Amino acid sequence: MPANPQTATAIASPNIAFIKYWGNRDQSIRLPANGSISMTLGGLESRVAVTFDPRLESDRLETHGVQFDHDPLPRISHHLDLIREMVGTDTPAHIETESNFPAGAGIASSSAVFAALTLAASRAASLPLDPPSLSRLARRGSGSACRSIFAGFVEAFAGDSDQDAFAQSFAPPEYWRIIDLIAIVDKQHKRIGSTAGHALAPTSPLQKARVADAPRRLDLCRQAITGRNFLPLATILEQDSNMMHAVMLTSNPPLFYLSPTSLALMEAISSWRASGLRACYTLDAGPNVHCITHLDDSEEVASRLRVFPGVEEVLQAPPGEAARLV
Ligand code: PMV
């Protein structure tokens with residue numbers, strides 16, 4: 001690497017999993033237990049700047065201008081090590097991150113951060129990577145980050161090895177006018193992060209059945225999206241989310257991500273759909289409820305969510321763009 005600092009900045013959006021990935025076949029390289037499908041979330045963004053600087057003694061992380069010497073610096077350094085190994089350098093880096101949405105509460109902030117980090121760091125290291133390679137590498141930082149490399153509706157393959165575990169987009173953002181209305185019920189950082197959660201997945205007797213049934217759910221979800229059929233999408237999304245939370249609840253020790261407000265919202269959203277609104281719910285590893293709605297019904301659904309007891313704020317995210325350099 002040259003003696004002067006090498007820098008690059010990238011932006012990526014988080015994504016919401018419609019068919020969830022939970023559990024790893026190989027935890028050390030985040031080889032997912034099952035394939036997944038997601039929508040990239042437009043308007044929500046993480047910006048990551050990476051500067052490899054030979055004058056530094058070790059990696060430095062600044063998030064929103066505040067320096068972090070602890071978590072998540074080791075995880076970020078470990079990710080940068082993969083890139084440093086690929087180009088044969090040990091130059092430390094200065095990493096600056098900024099997001100315009102709350103981190104750690106089930107809005108998959110790690111998906112956006114690790115997608116942007118992978119893109120920025122590989123560019124700063126002058127390592128040319130095609131989108132599948134970026135996706136594969138982003139997966140090593142955070143499993144869901146492999147999907148945030150891409151725009152719109154994205155599928156991640158479980159693969160048999162590192163080489164074939166990556167994602168690709170199967171429909172662009174404008175393909176379907178649906179939107180994620182994210183009901184924020186808690187902005188606190190979640191107590192058990194998803195890395196620890198994935199490690200507990202095999203302790204649930206339900207995980208095997210969830211993984212074995214994943215191809216069926218993936219097919220139904222992909223077909224619902226490509227056919228723009230809301231009701232089949234709603235059915236499979238809610239079932240998939242409930243199956244993941246059933247695994248979490250039955251792990252040893254059990255993981256409780258749902259709050260009383262999450263449960264009340266899940267019930268309400270299903271009943272709104274029964275009365276004709278195109279709305280359904282899905283939740284990642286946190287209490288916030290992602291309410292997927294058709295754009296034509298979204299004003300009505302958003303106004304109901306805003307006045308729902310316990311909802312602090314409602315974010316809106318249409319299908320979003322791919323990770324990009326700035
Ligand atoms: O990428 P991770 O390690 O934060 O795991 C993501 C796990 C879920 O968000 C719950 C599901 C998913 O597929 O995004």
# chains A, B, ... in the order shown; residues from 1 in each chain; ligands from 1
>>> residues_near_ligand(ligand="ligand 1", cutoff="7 Å", atoms="only C-alpha atoms and all ligand atoms", output="list in words")
Ile16, Ala17, Ile19, Lys20, Tyr21, Trp22, Ser36, Gly106, Ala108, Ser110, Ser111, Ser142, Gly143, Ser144, Ala145, Ser194, Thr195, Asp284 and Ala285 of chain A
>>> atom_distance(atom1="atom CA of Arg123 of chain A", atom2="atom CA of Thr9 of chain A")
8.5 Å
>>> closest_residue(among="A:Gly320, A:Val311, A:Glu96, A:Asp53", to="Val66 of chain A", atoms="only C-alpha atoms")
A:Glu96
>>> select_by_dssp(residues="segment 68-230 of chain A", states="strand (DSSP E or B)", output="PyMOL selection string")
chain A and resi 68+93-99+153-156+167-171+178-184
>>> write_last_selection(atoms="C-alpha atoms", output="PDB file, in the first residue's frame")
ATOM      1  CA  PHE A  68     -14.889   3.922  20.284  1.00  0.00           C
ATOM      2  CA  ALA A  93      -7.262   2.455   9.308  1.00  0.00           C
ATOM      3  CA  HIS A  94      -9.350   5.328  10.557  1.00  0.00           C
ATOM      4  CA  ILE A  95     -13.027   4.394  10.214  1.00  0.00           C
ATOM      5  CA  GLU A  96     -15.824   6.943  10.513  1.00  0.00           C
ATOM      6  CA  THR A  97     -19.452   5.813  10.559  1.00  0.00           C
ATOM      7  CA  GLU A  98     -22.730   7.693  10.624  1.00  0.00           C
ATOM      8  CA  SER A  99     -26.300   6.422  10.296  1.00  0.00           C
ATOM      9  CA  PHE A 153     -35.629  -7.212  -3.652  1.00  0.00           C
ATOM     10  CA  VAL A 154     -32.702  -9.459  -2.857  1.00  0.00           C
ATOM     11  CA  GLU A 155     -32.110 -13.169  -2.267  1.00  0.00           C
ATOM     12  CA  ALA A 156     -29.123 -14.570  -0.347  1.00  0.00           C
ATOM     13  CA  ALA A 167     -26.742 -12.479  -2.510  1.00  0.00           C
ATOM     14  CA  GLN A 168     -28.206 -11.040  -5.690  1.00  0.00           C
ATOM     15  CA  SER A 169     -31.074  -8.725  -6.581  1.00  0.00           C
ATOM     16  CA  PHE A 170     -34.034 -10.348  -8.354  1.00  0.00           C
ATOM     17  CA  ALA A 171     -36.298  -7.277  -8.769  1.00  0.00           C
ATOM     18  CA  ILE A 178     -44.744  -1.512  -1.323  1.00  0.00           C
ATOM     19  CA  ILE A 179     -43.225   0.310   1.638  1.00  0.00           C
ATOM     20  CA  ASP A 180     -41.903  -0.591   5.087  1.00  0.00           C
ATOM     21  CA  LEU A 181     -43.505   1.478   7.873  1.00  0.00           C
ATOM     22  CA  ILE A 182     -41.240   0.873  10.845  1.00  0.00           C
ATOM     23  CA  ALA A 183     -43.040   1.330  14.150  1.00  0.00           C
ATOM     24  CA  ILE A 184     -40.342   2.243  16.659  1.00  0.00           C
TER      25      ILE A 184
END
>>> residues_around(residues="Thr7 of chain A", least_positions_apart="6", cutoff="7 Å", atoms="only C-alpha atoms", output="MDAnalysis selection string")
chainID A and resid 50:52 124
>>> write_last_selection(atoms="all heavy atoms", output="PDB file, in the first residue's frame")
ATOM      1  N   VAL A  50     -13.369   5.066   5.155  1.00  0.00           N
ATOM      2  CA  VAL A  50     -12.202   4.283   5.601  1.00  0.00           C
ATOM      3  C   VAL A  50     -10.942   4.932   5.047  1.00  0.00           C
ATOM      4  O   VAL A  50     -10.855   5.196   3.838  1.00  0.00           O
ATOM      5  CB  VAL A  50     -12.281   2.824   5.100  1.00  0.00           C
ATOM      6  CG1 VAL A  50     -11.024   2.044   5.498  1.00  0.00           C
ATOM      7  CG2 VAL A  50     -13.517   2.128   5.660  1.00  0.00           C
ATOM      8  N   THR A  51      -9.996   5.237   5.939  1.00  0.00           N
ATOM      9  CA  THR A  51      -8.714   5.793   5.510  1.00  0.00           C
ATOM     10  C   THR A  51      -7.595   4.906   6.038  1.00  0.00           C
ATOM     11  O   THR A  51      -7.405   4.813   7.264  1.00  0.00           O
ATOM     12  CB  THR A  51      -8.538   7.229   6.053  1.00  0.00           C
ATOM     13  OG1 THR A  51      -9.682   7.991   5.675  1.00  0.00           O
ATOM     14  CG2 THR A  51      -7.269   7.880   5.515  1.00  0.00           C
ATOM     15  N   PHE A  52      -6.905   4.220   5.159  1.00  0.00           N
ATOM     16  CA  PHE A  52      -5.723   3.449   5.577  1.00  0.00           C
ATOM     17  C   PHE A  52      -4.595   4.461   5.721  1.00  0.00           C
ATOM     18  O   PHE A  52      -4.255   5.168   4.758  1.00  0.00           O
ATOM     19  CB  PHE A  52      -5.378   2.382   4.538  1.00  0.00           C
ATOM     20  CG  PHE A  52      -6.366   1.247   4.531  1.00  0.00           C
ATOM     21  CD1 PHE A  52      -7.306   1.116   3.510  1.00  0.00           C
ATOM     22  CD2 PHE A  52      -6.370   0.300   5.554  1.00  0.00           C
ATOM     23  CE1 PHE A  52      -8.220   0.071   3.514  1.00  0.00           C
ATOM     24  CE2 PHE A  52      -7.289  -0.756   5.563  1.00  0.00           C
ATOM     25  CZ  PHE A  52      -8.213  -0.861   4.542  1.00  0.00           C
ATOM     26  N   ALA A 124     -10.621   1.735  -0.866  1.00  0.00           N
ATOM     27  CA  ALA A 124      -9.457   2.438  -0.297  1.00  0.00           C
ATOM     28  C   ALA A 124      -8.202   1.574  -0.416  1.00  0.00           C
ATOM     29  O   ALA A 124      -7.095   2.086  -0.567  1.00  0.00           O
ATOM     30  CB  ALA A 124      -9.725   2.793   1.169  1.00  0.00           C
TER      31      ALA A 124
END
>>> atom_distance(atom1="atom CA of Tyr281 of chain A", atom2="atom CA of Leu255 of chain A")
19.5 Å
>>> closest_residue(among="A:Ala201, A:Ile236, A:Ala214, A:Ile149", to="Asp130 of chain A", atoms="only C-alpha atoms")
A:Ile149
>>> select_by_dssp(residues="segment 215-317 of chain A", states="alpha helix (DSSP H)", output="count of residues only")
56
>>> residues_around(residues="Ser133 of chain A", least_positions_apart="3", cutoff="10 Å", atoms="only C-alpha atoms", output="PyMOL selection string")
chain A and resi 128-130+136-139+146+163-167
>>> residues_around(residues="Arg75 of chain A", least_positions_apart="4", cutoff="12 Å", atoms="only C-alpha atoms", output="list in words")
Asp59, Leu61, Phe68, Asp69, His70, Asp71, His79, Leu80, Asp81, Leu82, Ser110, Val113, Phe114, Leu117, Arg140, Gly141, Ser142 and Thr195 of chain A
>>> closest_residue(among="A:Glu45, A:Asp213, A:Glu174, A:Glu62", to="Ala12 of chain A", atoms="only C-alpha atoms")
A:Glu45
>>> closest_residue(among="A:Val326, A:Met243, A:Ala115, A:Ile37", to="Leu220 of chain A", atoms="only C-alpha atoms")
A:Ile37
